[in-house]
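The next block holds one structure in the form of structure tokens; read it before the comments.
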Number of protein chains: 2
Amino acid sequence: MHNGDAALARLLARDASPYDVAGVTALVAGVLAAAPAAREGDWAALVAPKPSTELRSALTALADQLAAAPAAPAPGPAERLARLRAELARRSVHGFLVPRADEHQGEYVPLAAQRLAWLTGFTGSAGLAVVLPAAAAVFVDGRYTLQARAEIDPALYVQRHLTDEPASDWIAQSLKPGEILAYDPRLHTLGEVERFRSAAQKAGGSLKPLADNPLDAVWTDRPPLPLAPVVPHELRFAGESAEHKRQALAERLAADGVDAAVLTAPDSIAWLLNIRGGDVPHTPLPLGFAILERDGTVELFIDPRKLAPGLAEHLGNAVRLAPPADFGPALQRLGAARRRVQADPASAAAWVFDTLAAAGAELHRAADPCQLPKACKNATELDGTRRAHRRDGAALTRFLAWLAAKAAQGNLGEIAASDRLEELRREGELFRDLSFPTISGAGANGAIVHYRASPRSERRLEPGTLYLVDSGAQYLDGTTDVTRTVAIGAPAAEMRDRFTRVLKGHIALATCRFPNGTSGSQLDVLARRALWEAGLDYDHGTGHGVGSYLAVHEGPQRISKLPNSQPLLPGMIVSDEPGYYKTGAYGIRIENLVVVTPLGAAAGGERELLGFELLTLAPIDRALVEPALLNDAEIAWLDAYHARVRAEIAPLVDAATRSWLEAATRPLGEG
Amino acid sequence: MHNGDAALARLLARDASPYDVAGVTALVAGVLAAAPAAREGDWAALVAPKPSTELRSALTALADQLAAAPAAPAPGPAERLARLRAELARRSVHGFLVPRADEHQGEYVPLAAQRLAWLTGFTGSAGLAVVLPAAAAVFVDGRYTLQARAEIDPALYVQRHLTDEPASDWIAQSLKPGEILAYDPRLHTLGEVERFRSAAQKAGGSLKPLADNPLDAVWTDRPPLPLAPVVPHELRFAGESAEHKRQALAERLAADGVDAAVLTAPDSIAWLLNIRGGDVPHTPLPLGFAILERDGTVELFIDPRKLAPGLAEHLGNAVRLAPPADFGPALQRLGAARRRVQADPASAAAWVFDTLAAAGAELHRAADPCQLPKACKNATELDGTRRAHRRDGAALTRFLAWLAAKAAQGNLGEIAASDRLEELRREGELFRDLSFPTISGAGANGAIVHYRASPRSERRLEPGTLYLVDSGAQYLDGTTDVTRTVAIGAPAAEMRDRFTRVLKGHIALATCRFPNGTSGSQLDVLARRALWEAGLDYDHGTGHGVGSYLAVHEGPQRISKLPNSQPLLPGMIVSDEPGYYKTGAYGIRIENLVVVTPLGAAAGGERELLGFELLTLAPIDRALVEPALLNDAEIAWLDAYHARVRAEIAPLVDAATRSWLEAATRPLGEG
């Protein structure tokens with residue numbers, strides 16, 4: 001408990017805080033609405049330039065009190081839906097779209113933007129609800145079918161498959177002629193709007209944007225927007241100054257005849273300005289918008305309360321700060337000045353384009369200009385990620401050695417296992433957070449591709465099963481993401497066959513050499529071919545881009561069945577993660593991160609070739625490898641990889657781990 | 001010489017022709033403006049229902065006379081350009097776009113639409129001219145760099161690379177502020193217009209559609225539109241009645257809530273209505289437009305003079321005939337009725353969309369509905385193509401045997417070789433035309449991917465060189481396309497290395513097994529990997545779709561580096577044609593056609609697999625195979641393929657060819 005408002009007010013005044021008690025309470029509520037990691041950080045510096053020990057204690061007490069306060073009695077799902085429908089009727093529209101996405105179209109959304117979860121109870125990371133007067137539906141993809149069934153009241157919502165039974169079909173069938181389906185244009189891309197408009201027209205109805213969100217109007221207990229401290233990302237990690245980045249992009253805008261670029265992706269803004277934050281879990285970014293001008297200056301729309309001391313100096317004079325509410329007016333000013341403005345139809349909301357166009361801007365639809373340079377890591381970032389991967393590999397190796405001993409004793413559960421792994425990672429230098437919630441799946445749970453263990457779902461690691469662990473961390477010098485599949489006890493022959501086919505795919509991709517201009521989509525088949533030969537496959541992508549102390553999933557590159565024309569360029573980090581999943585039985589995935597590296601012209605060759613440098617360092621379970629399925633080159637690859645893992649990780653781990661590591665990495669021929 | 005107008009008039013009247021002499025002269029001029037093959041066909045039936053021998057003779061004489069008439073003295077390229085610029089000035093615009101495409105965006109265009117060639121002299125199959133007041137440029141791709149240099153006057157046009165130096169860049173730099181760049185909206189897709197509009201705006205200028213083409217206004221010696229007879233494509237070849245096709249597509253339109261689909265691709269119309277023609281070379285299609293209604297009826301816009309007797313009955317009551325000039329008014333009527341109309345942005349001209357939208361239609365942008373069912377051949381078409389491939393394989397095998405003997409004697413040239421091949425193909429049952437101009441390239445000419453031999457360019461087939469021949473035919477029951485590369489004398493080790501890598505790629509693709517939903521783009525790398533390993537590659541696609549007595553290049557499927565999300569579906573025919581080209585030295589390509597075939601679930605597998613059935617039957621030159629580079633499975637594949645070629649082709653060829661074939665197809669182990 002903190003000692004009462006009067007005491008806090010005295011401490012705030014004494015430490016020259018600009019806040020009164022009400023202000024600081026709102027600020028702390030914002031900190032609590034950010035990622036859990038933010039609360040562990042130095043947010044007290046947001047309150048006063050040099051907070052005293054007493055103020056820090058008072059703030060901690062205030063935070064504890066706010067966090068512990070019982071939630072206001074919230075209406076149940078039926079009441080929420082009824083309130084939303086009443087609000088829609090009040091606005092003379094008939095239906096409303098509730099996507100999972102927020103205004104930034106990112107992977108993680110803050111509590112204040114979890115509208116789909118609030119309305120329907122569904123907490124998955126992708127989905128959409130469509131509410132009509134007499135019917136409502138929730139659309140989720142295959143990962144979430146079971147979870148949604150448990151979370152959603154079937155009396156309120158029908159559940160549909162997001163891609164196999166698209167919302168547009170349901171709308172076309174369910175909307176009645178003359179009805180108006182409304183949407184919040186800040187939460188949808190142009191492509192989505194186009195699709196839903198077509199569906200509504202097919203039904204004889206229409207689609208209508210609303211200036212403000214009717215769900216927010218009835219969401220009385222909506223959490224505040226997050227306020228995690230925004231801090232500099234030091235040059236020793238970033239490798240290139242923000243000024244240099246801004247100037248380089250500005251030259252590109254000028255060459256394209258563009259006056260300004262609107263940036264709505266927070267990881268792009270974080271990269272461009274060399275800043276990091278903690279507004280959402282696992283991705284160290286501050287939420288905000290920005291406009292990059294062709295002269296290299298930037299207007300950054302961000303809540304000023306979350307700027308850590310000194311951040312304005314770090315940003316410099318060329319970055320003008322403005323509150324988020326100024327973003328719309330700024331777009332209108334660009335339009336009124338008849339300027340040529342770039343925005344990315346893949347990530348910017350329809351509202352950005354609508355606002356610009358209505359105000360008179362000339363639109364230039366093009367990819368977010370930060371995306372490609374952010375994806376191509378510089379030498380400093382690559383050195384950082386190599387170091388981060390050694391530390392991460394040491395933590396994972398310690399975990400695997402521990403697991404080998406522990407699992408043999410029986411009784412180990414999925415959550416205890418992932419807790420131990422997190423504990424070991426936290427000991428690593430420069431560790432800040434996990435890069436995503438660990439997937440710790442034993443037996444049949446390993447076959448659920450995006451499984452997340454809960455006390456109700458978790459299984460024990462039992463002999464004769466496989467254990468799949470997909471995890472990663474955010475270090476100041478790099479982001480990691482690695483999957484290992486481990487045999488608990490003796491694996492069945494089928495498991496070894498499947499694992500070895502997955503390994504063959506992993507190796508085929510890791511070792512491939514390809515000419516400049518090759519995209520990840522072109523290489524995807526290499527990782528699948530050994531499975532296809534046996535009539536098997538996996539229903540996810542083979543590789544995603546990875547940021548540098550930023551998003552663990554980033555574009556524009558991707559290794560996937562889906563078409564993607566972005567060539568793989570030197571410095572791009574991608575995952576190599578084929579898998580195999582037998583529903584109800586076991587899951588297999590082998591994931592390493594690799595970085596695209598120029599190989600130079602091959603001997604006798606005519607084309608500049610690119611290849612992959614392996615970043616991830618941890619043993620691959622030899623017990624699951626069936627040598628008869630591997631050719632000589634594949635065996636040589638595995639032995640060489642294990643020799644490298646041994647050489648680089650052994651010096652970083654304790655003696656017991658080292659001795660386990662030596663056995664785990666011996667050549668395949670040694671049985 | 002025909003015997004004078006009076007005699008012809010008498011014969012026309014006697015045979016109950018609806019034409020007078022002027023009318024029949026125009027008709028014959030149209031026949032002469034069609035594909036050369038049309039003139040060899042029964043076009044006299046267009047003139048009178050049952051033309052007498054005398055009338056036939058008179059018509060032949062008239063055709064000979066028209067064909068032999070000296071061309072009107074045509075202005076030179078400088079004069080043509082000056083006249084176009086004067087015409088543009090008269091219309092108060094500053095520039096004009098002259099594409100190679102006609103109103104159908106097809107591969108071959110009739111003489112009357114060869115505007116780019118008339119204006120600039122450039123006769124390649126792809127390109128664009130941009131004419132501005134003080135500058136003009138021609139854009140051609142890499143295949144045509146040298147040819148364009150020879151054909152285009154550099155004093156009139158700068159020459160640029162179509163993709164590396166896009167016209168939009170040149171326009172953005174060369175158009176002056178305030179200037180108007182005009183275009184003919186019947187000759188460009190929406191995407192092109194968008195690109196050029198953006199370029200013009202970047203320059204501070206604008207882009208403007210013109211209601212009629214200013215080049216046509218100054219093209220005084222423009223040939224007439226082609227009038228090749230339009231004939232039924234018999235059910236025994238088509239396998240599905242036109243009525244059935246129309247009804248199936250109509251149901252799809254109804255399900256999509258679409259009232260009508262505009263068809264602008266002549267091969268789609270030919271497929272849908274089971275008709276064939278000869279308006280352009282090598283692809284047996286009639287030029288025309290059509291509108292498919294949701295009730296399954298069709299309005300076909302086509303010159304009535306070219307309909308062969310009985311064609312209207314073949315089409316039936318559900319197909320209404322209208323002259324081409326009615327197409328625009330028909331689009332306007334659809335718009336005035338506020339109907340929902342589908343058109344394909346990839347193939348329909350911007351003019352179609354503009355006309356529909358201006359008239360009030362609701363636009364539905366979607367792929368040409370004929371494209372996919374046309375690509376998936378039915379059992380009758382597949383049986384036909386298998387038969388056609390046996391005949392074609394026999395002709396090619398006879399050629400290869402002849403070549404083996406002839407080339408050894410020295411002195412054989414590229415044109416004589418391809419003439420001989422054509423002669424042998426013409427002997428085949430149901431032969432109608434070549435499916436494209438034969439590529440017959442000896443030595444360094446083989447390295448020119450789209451080489452076409454001319455008396456000036458041709459080389460002799462000399463010992464120590466490679467000879468590449470890429471050819472195909474149109475048979476009533478199927479379309480073929482095959483490439484073989486043959487060693488003349490003893491090949492160098494490097495040639496054998498490269499050939500074997502190309503062969504490895506060919507085999508990897510031909511033998512791959514893949515799950516439902518896989519696109520050709522996903523498989524492309526399989527054909528390139530053995531080359532990439534050595535730092536080599538080829539700069540063209542790996543496979544294209546092939547029609548059934550229709551276009552030798554058709555979509556929507558494609559095996560290519562370029563993204564293409566069309567899954568390969570059972571019945572689709574595609575080529576498998578990796579290559580390697582050493583500029584100035586030699587070219588290698590191995591091309592077979594294959595058809596996508598369901599394999600069923602593999603033993604122990606979980607996914608339905610697809611694979612390829614090989615259609616093309618002709619020996620692959622064993623002298624060019626380096627067995628040390630092949631693994632056991634690859635050697636087994638080649639031996640099995642050759643055994644099949646021998647079994648199927650030997651019964652169809654003469655004894656001398658058969659004895660050559662037996663040697664050419666013996667197992668690789670037999671040296």
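Letters A, B, ... go to the chains of the structure tokens in the order shown; residues in each chain start at 1; ligands are counted from 1 in the same order.
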Which residues of chain B are close to chain A, meaning at most 9 Å apart when you count only C-alpha atoms, and how do they look as an MDAnalysis selection string?
chainID B and resid 198 202:203 256:258 364 512:515 518:519 521:526 529 532:537 560:565 601:609
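Within 6 Å of region 293-299 of chain B, once only C-alpha atoms are used and residues closer than 4 positions along the same chain are dropped, the contacting residues are Arg246, Gln247, Ala250, Leu253, Ala254, Asp259, Ala260, Ala318, Val319, Arg320 and Leu321 of chain B.
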Enumerate the residues of region 627-666 of chain B with a DSSP assignment of alpha helix (DSSP H), computed from the backbone, and present them as a PDB file with C-alpha atoms, in the first residue's frame.
```pdb
ATOM      1  CA  ASP B 632      21.202 -43.982 -59.745  1.00  0.00           C
ATOM      2  CA  ALA B 633      17.644 -42.697 -59.786  1.00  0.00           C
ATOM      3  CA  GLU B 634      18.430 -40.211 -62.545  1.00  0.00           C
ATOM      4  CA  ILE B 635      20.098 -42.874 -64.685  1.00  0.00           C
ATOM      5  CA  ALA B 636      17.106 -45.159 -64.166  1.00  0.00           C
ATOM      6  CA  TRP B 637      14.766 -42.367 -65.209  1.00  0.00           C
ATOM      7  CA  LEU B 638      16.642 -41.703 -68.456  1.00  0.00           C
ATOM      8  CA  ASP B 639      16.824 -45.391 -69.333  1.00  0.00           C
ATOM      9  CA  ALA B 640      13.108 -45.881 -68.626  1.00  0.00           C
ATOM     10  CA  TYR B 641      12.202 -42.812 -70.668  1.00  0.00           C
ATOM     11  CA  HIS B 642      14.269 -44.030 -73.596  1.00  0.00           C
ATOM     12  CA  ALA B 643      12.739 -47.501 -73.364  1.00  0.00           C
ATOM     13  CA  ARG B 644       9.294 -45.936 -73.575  1.00  0.00           C
ATOM     14  CA  VAL B 645      10.287 -43.717 -76.516  1.00  0.00           C
ATOM     15  CA  ARG B 646      11.617 -46.770 -78.329  1.00  0.00           C
ATOM     16  CA  ALA B 647       8.490 -48.829 -77.625  1.00  0.00           C
ATOM     17  CA  GLU B 648       6.067 -46.128 -78.720  1.00  0.00           C
ATOM     18  CA  ILE B 649       7.911 -44.534 -81.620  1.00  0.00           C
ATOM     19  CA  ALA B 655      13.508 -49.021 -90.786  1.00  0.00           C
ATOM     20  CA  ALA B 656      16.486 -46.686 -91.031  1.00  0.00           C
ATOM     21  CA  THR B 657      15.054 -44.391 -88.400  1.00  0.00           C
ATOM     22  CA  ARG B 658      14.203 -47.382 -86.257  1.00  0.00           C
ATOM     23  CA  SER B 659      17.714 -48.662 -86.296  1.00  0.00           C
ATOM     24  CA  TRP B 660      19.036 -45.205 -85.372  1.00  0.00           C
ATOM     25  CA  LEU B 661      16.372 -44.983 -82.622  1.00  0.00           C
ATOM     26  CA  GLU B 662      17.428 -48.270 -81.116  1.00  0.00           C
ATOM     27  CA  ALA B 663      20.976 -47.064 -80.725  1.00  0.00           C
ATOM     28  CA  ALA B 664      19.871 -43.643 -79.514  1.00  0.00           C
TER      29      ALA B 664
END
```
Distance query region 127-134 of chain B at most 10 Å, only C-alpha atoms, self and fewer than 6 positions along chain excluded, as a PyMOL selection string
chain B and resi 81-82+84-86+88-89+93-101+115-117+119-120+140-141+144+148+156-162+167-168+170-171+174-176+179-183
Keeping C-alpha atoms for every residue in the selection just given, could you write it to a file as a PDB file, in the first residue's frame?
```
ATOM      1  CA  LEU B  81       7.134   9.571 -87.030  1.00  0.00           C
ATOM      2  CA  ALA B  82       6.711  13.120 -88.339  1.00  0.00           C
ATOM      3  CA  LEU B  84       2.272  10.863 -86.122  1.00  0.00           C
ATOM      4  CA  ARG B  85       3.668  13.908 -84.317  1.00  0.00           C
ATOM      5  CA  ALA B  86       1.698  16.205 -86.598  1.00  0.00           C
ATOM      6  CA  LEU B  88      -0.803  14.434 -82.155  1.00  0.00           C
ATOM      7  CA  ALA B  89      -0.362  18.201 -82.426  1.00  0.00           C
ATOM      8  CA  VAL B  93      -1.686  16.232 -77.138  1.00  0.00           C
ATOM      9  CA  HIS B  94       2.088  15.999 -76.848  1.00  0.00           C
ATOM     10  CA  GLY B  95       2.964  12.348 -76.726  1.00  0.00           C
ATOM     11  CA  PHE B  96       1.631   8.909 -77.551  1.00  0.00           C
ATOM     12  CA  LEU B  97       2.207   5.331 -76.450  1.00  0.00           C
ATOM     13  CA  VAL B  98       2.555   2.679 -79.148  1.00  0.00           C
ATOM     14  CA  PRO B  99       2.542  -0.819 -77.651  1.00  0.00           C
ATOM     15  CA  ARG B 100       3.053  -4.063 -79.493  1.00  0.00           C
ATOM     16  CA  ALA B 101      -0.200  -5.431 -78.089  1.00  0.00           C
ATOM     17  CA  ARG B 115       1.511  -0.554 -85.183  1.00  0.00           C
ATOM     18  CA  LEU B 116       4.847  -0.710 -83.407  1.00  0.00           C
ATOM     19  CA  ALA B 117       6.434  -2.399 -86.409  1.00  0.00           C
ATOM     20  CA  LEU B 119       6.039   3.082 -86.903  1.00  0.00           C
ATOM     21  CA  THR B 120       9.513   2.043 -85.775  1.00  0.00           C
ATOM     22  CA  VAL B 140      12.508  -3.969 -75.920  1.00  0.00           C
ATOM     23  CA  ASP B 141      13.519  -6.858 -73.674  1.00  0.00           C
ATOM     24  CA  TYR B 144      15.455  -8.316 -78.849  1.00  0.00           C
ATOM     25  CA  ALA B 148      15.991  -3.825 -82.421  1.00  0.00           C
ATOM     26  CA  LEU B 156      14.731   8.723 -84.472  1.00  0.00           C
ATOM     27  CA  TYR B 157      14.513   6.549 -81.356  1.00  0.00           C
ATOM     28  CA  VAL B 158      16.636   5.890 -78.334  1.00  0.00           C
ATOM     29  CA  GLN B 159      16.543   2.220 -77.427  1.00  0.00           C
ATOM     30  CA  ARG B 160      15.978   1.110 -73.845  1.00  0.00           C
ATOM     31  CA  HIS B 161      15.593  -2.158 -71.958  1.00  0.00           C
ATOM     32  CA  LEU B 162      11.920  -2.890 -71.346  1.00  0.00           C
ATOM     33  CA  ALA B 167       9.316   3.253 -69.936  1.00  0.00           C
ATOM     34  CA  SER B 168       7.750   4.806 -66.844  1.00  0.00           C
ATOM     35  CA  TRP B 170      11.899   7.496 -69.201  1.00  0.00           C
ATOM     36  CA  ILE B 171       8.485   9.181 -69.280  1.00  0.00           C
ATOM     37  CA  SER B 174      11.350  13.159 -70.505  1.00  0.00           C
ATOM     38  CA  LEU B 175       7.794  14.450 -70.366  1.00  0.00           C
ATOM     39  CA  LYS B 176       7.710  18.178 -69.612  1.00  0.00           C
ATOM     40  CA  GLU B 179       2.458  18.057 -71.333  1.00  0.00           C
ATOM     41  CA  ILE B 180      -0.215  15.500 -72.186  1.00  0.00           C
ATOM     42  CA  LEU B 181       0.787  11.944 -72.966  1.00  0.00           C
ATOM     43  CA  ALA B 182      -1.983  10.195 -74.891  1.00  0.00           C
ATOM     44  CA  TYR B 183      -2.765   6.507 -75.280  1.00  0.00           C
TER      45      TYR B 183
END
```
Distance in Å - CA of Ala22 (chain A) versus CA of Ser52 (chain A):
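So the answer is 19.6 Å.
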Just list the residues in region 371-452 of chain A DSSP gives strand (DSSP E or B) on the backbone, as a ChimeraX atom specification.
/A:376,413,431-434,439-442
Could you take the residues named above and write them with N, CA and C atoms, as an mmCIF file, in the first residue's frame?
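Result file selection20.cif:
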```cif
data_model
loop_
_atom_site.group_PDB
_atom_site.id
_atom_site.type_symbol
_atom_site.label_atom_id
_atom_site.label_comp_id
_atom_site.auth_asym_id
_atom_site.auth_seq_id
_atom_site.Cartn_x
_atom_site.Cartn_y
_atom_site.Cartn_z
ATOM 1 N N CYS A 376 17.737 -5.753 -43.802
ATOM 2 C CA CYS A 376 19.127 -6.050 -44.180
ATOM 3 C C CYS A 376 20.055 -5.556 -43.076
ATOM 4 N N GLY A 413 6.664 -31.500 -16.270
ATOM 5 C CA GLY A 413 5.563 -30.983 -17.081
ATOM 6 C C GLY A 413 6.031 -29.907 -18.037
ATOM 7 N N PHE A 431 19.958 -9.742 -21.725
ATOM 8 C CA PHE A 431 18.603 -10.296 -21.881
ATOM 9 C C PHE A 431 17.574 -9.248 -21.485
ATOM 10 N N ARG A 432 16.498 -9.112 -22.251
ATOM 11 C CA ARG A 432 15.431 -8.180 -21.905
ATOM 12 C C ARG A 432 14.066 -8.843 -21.762
ATOM 13 N N ASP A 433 13.785 -9.839 -22.606
ATOM 14 C CA ASP A 433 12.444 -10.427 -22.623
ATOM 15 C C ASP A 433 12.525 -11.701 -23.468
ATOM 16 N N LEU A 434 11.502 -12.535 -23.358
ATOM 17 C CA LEU A 434 11.350 -13.575 -24.376
ATOM 18 C C LEU A 434 10.897 -12.888 -25.666
ATOM 19 N N ILE A 439 6.693 -22.084 -26.855
ATOM 20 C CA ILE A 439 5.853 -23.237 -27.185
ATOM 21 C C ILE A 439 6.537 -24.454 -26.594
ATOM 22 N N SER A 440 5.913 -25.036 -25.586
ATOM 23 C CA SER A 440 6.502 -26.162 -24.863
ATOM 24 C C SER A 440 5.477 -27.281 -24.938
ATOM 25 N N GLY A 441 5.672 -28.186 -25.914
ATOM 26 C CA GLY A 441 4.623 -29.165 -26.199
ATOM 27 C C GLY A 441 5.109 -30.596 -26.094
ATOM 28 N N ALA A 442 4.518 -31.335 -25.187
ATOM 29 C CA ALA A 442 4.872 -32.750 -25.035
ATOM 30 C C ALA A 442 3.838 -33.604 -25.749
#
```
Between B:Pro627, B:Gly360, B:Pro36, B:Pro437, single out the one closest to Ala337 (chain B), counting only C-alpha atoms.
B:Gly360
Excluding same-chain residues fewer than 6 positions from Ala155 (chain A), what lies within 10 Å of it counting only C-alpha atoms, as a list of chain:residue names?
A:Ala78, A:Ala135, A:Ala136
Selected residues written out with C-alpha atoms, as a PDB file, in the first residue's frame:
```pdb
ATOM      1  CA  ALA A  78     -24.272 -11.571 -24.145  1.00  0.00           C
ATOM      2  CA  ALA A 135     -26.552 -13.119 -36.272  1.00  0.00           C
ATOM      3  CA  ALA A 136     -22.887 -12.851 -35.405  1.00  0.00           C
TER       4      ALA A 136
END
```
What's around His233 (chain A) at 8 Å? Count only C-alpha atoms, leave out sequence neighbours fewer than 3 positions away in its own chain, and write the answer as an mmCIF file with C-alpha atoms, in the first residue's frame.
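Result file out_37.cif:
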```cif
data_model
loop_
_atom_site.group_PDB
_atom_site.id
_atom_site.type_symbol
_atom_site.label_atom_id
_atom_site.label_comp_id
_atom_site.auth_asym_id
_atom_site.auth_seq_id
_atom_site.Cartn_x
_atom_site.Cartn_y
_atom_site.Cartn_z
ATOM 1 C CA PHE A 237 23.794 -2.168 -31.166
ATOM 2 C CA ALA A 238 22.103 -0.298 -34.021
ATOM 3 C CA ASN A 274 16.945 4.024 -33.025
ATOM 4 C CA ILE A 275 14.464 3.856 -30.181
ATOM 5 C CA ARG A 276 12.890 0.982 -28.311
#
```
Please provide the set of residues having any atom within 12 Å of region 10-17 of chain A, restricted to only C-alpha atoms, with same-chain residues fewer than 4 positions apart removed, written as a short mmCIF file (atom, residue, chain, number, x, y, z; two decimals) with N, CA and C atoms, in the first residue's frame.
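Output saved as selection-v8.cif:
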```cif
data_model
loop_
_atom_site.label_atom_id
_atom_site.label_comp_id
_atom_site.auth_asym_id
_atom_site.auth_seq_id
_atom_site.Cartn_x
_atom_site.Cartn_y
_atom_site.Cartn_z
N HIS A 2 0.50 2.21 -0.78
CA HIS A 2 1.23 3.47 -0.67
C HIS A 2 0.57 4.30 0.41
N ASN A 3 1.30 5.32 0.87
CA ASN A 3 0.92 5.97 2.12
C ASN A 3 -0.11 7.07 1.98
N GLY A 4 -0.88 7.01 0.92
CA GLY A 4 -1.93 8.02 0.77
C GLY A 4 -1.52 9.09 -0.21
N ASP A 5 -2.48 9.74 -0.78
CA ASP A 5 -2.25 10.71 -1.83
C ASP A 5 -1.43 11.91 -1.35
N ALA A 6 -1.64 12.30 -0.12
CA ALA A 6 -0.94 13.48 0.36
C ALA A 6 0.57 13.23 0.38
N VAL A 21 -1.04 13.96 -8.37
CA VAL A 21 -1.38 12.58 -8.03
C VAL A 21 -2.26 11.95 -9.11
N ALA A 22 -3.23 12.71 -9.58
CA ALA A 22 -4.11 12.17 -10.63
C ALA A 22 -3.29 11.84 -11.88
N GLY A 23 -2.38 12.73 -12.22
CA GLY A 23 -1.56 12.54 -13.42
C GLY A 23 -0.66 11.32 -13.28
N VAL A 24 -0.06 11.20 -12.13
CA VAL A 24 0.86 10.08 -11.95
C VAL A 24 0.08 8.76 -11.88
N THR A 25 -1.13 8.82 -11.36
CA THR A 25 -1.95 7.61 -11.31
C THR A 25 -2.29 7.15 -12.74
N ALA A 44 10.03 4.60 -13.35
CA ALA A 44 9.95 5.70 -12.39
C ALA A 44 10.61 6.96 -12.96
N ALA A 45 11.56 6.78 -13.87
CA ALA A 45 12.23 7.93 -14.48
C ALA A 45 11.27 8.75 -15.33
N LEU A 46 10.13 8.16 -15.69
CA LEU A 46 9.13 8.93 -16.44
C LEU A 46 8.44 9.95 -15.54
N VAL A 47 8.46 9.66 -14.21
CA VAL A 47 7.70 10.48 -13.27
C VAL A 47 8.48 11.71 -12.85
N ALA A 48 9.76 11.50 -12.61
CA ALA A 48 10.60 12.62 -12.18
C ALA A 48 11.99 12.40 -12.74
N PRO A 49 12.72 13.48 -13.02
CA PRO A 49 14.03 13.33 -13.66
C PRO A 49 14.96 12.43 -12.84
N LYS A 50 15.03 12.68 -11.51
CA LYS A 50 15.87 11.82 -10.68
C LYS A 50 15.07 11.37 -9.48
N PRO A 51 14.26 10.36 -9.62
CA PRO A 51 13.37 9.97 -8.53
C PRO A 51 14.15 9.47 -7.31
N SER A 52 13.77 9.96 -6.17
CA SER A 52 14.41 9.53 -4.92
C SER A 52 13.96 8.12 -4.58
N THR A 53 14.67 7.52 -3.66
CA THR A 53 14.29 6.18 -3.21
C THR A 53 12.87 6.19 -2.66
N GLU A 54 12.55 7.25 -1.93
CA GLU A 54 11.21 7.33 -1.35
C GLU A 54 10.15 7.40 -2.45
N LEU A 55 10.39 8.21 -3.45
CA LEU A 55 9.41 8.31 -4.54
C LEU A 55 9.27 6.97 -5.24
N ARG A 56 10.41 6.33 -5.50
CA ARG A 56 10.36 5.01 -6.15
C ARG A 56 9.50 4.04 -5.34
N SER A 57 9.71 4.05 -4.05
CA SER A 57 8.91 3.14 -3.21
C SER A 57 7.44 3.48 -3.32
N ALA A 58 7.14 4.75 -3.25
CA ALA A 58 5.73 5.17 -3.31
C ALA A 58 5.11 4.77 -4.65
N LEU A 59 5.90 4.91 -5.71
CA LEU A 59 5.38 4.56 -7.03
C LEU A 59 5.15 3.06 -7.14
N ARG A 305 4.31 11.44 -22.40
CA ARG A 305 4.57 10.94 -21.05
C ARG A 305 5.50 9.73 -21.05
#
```
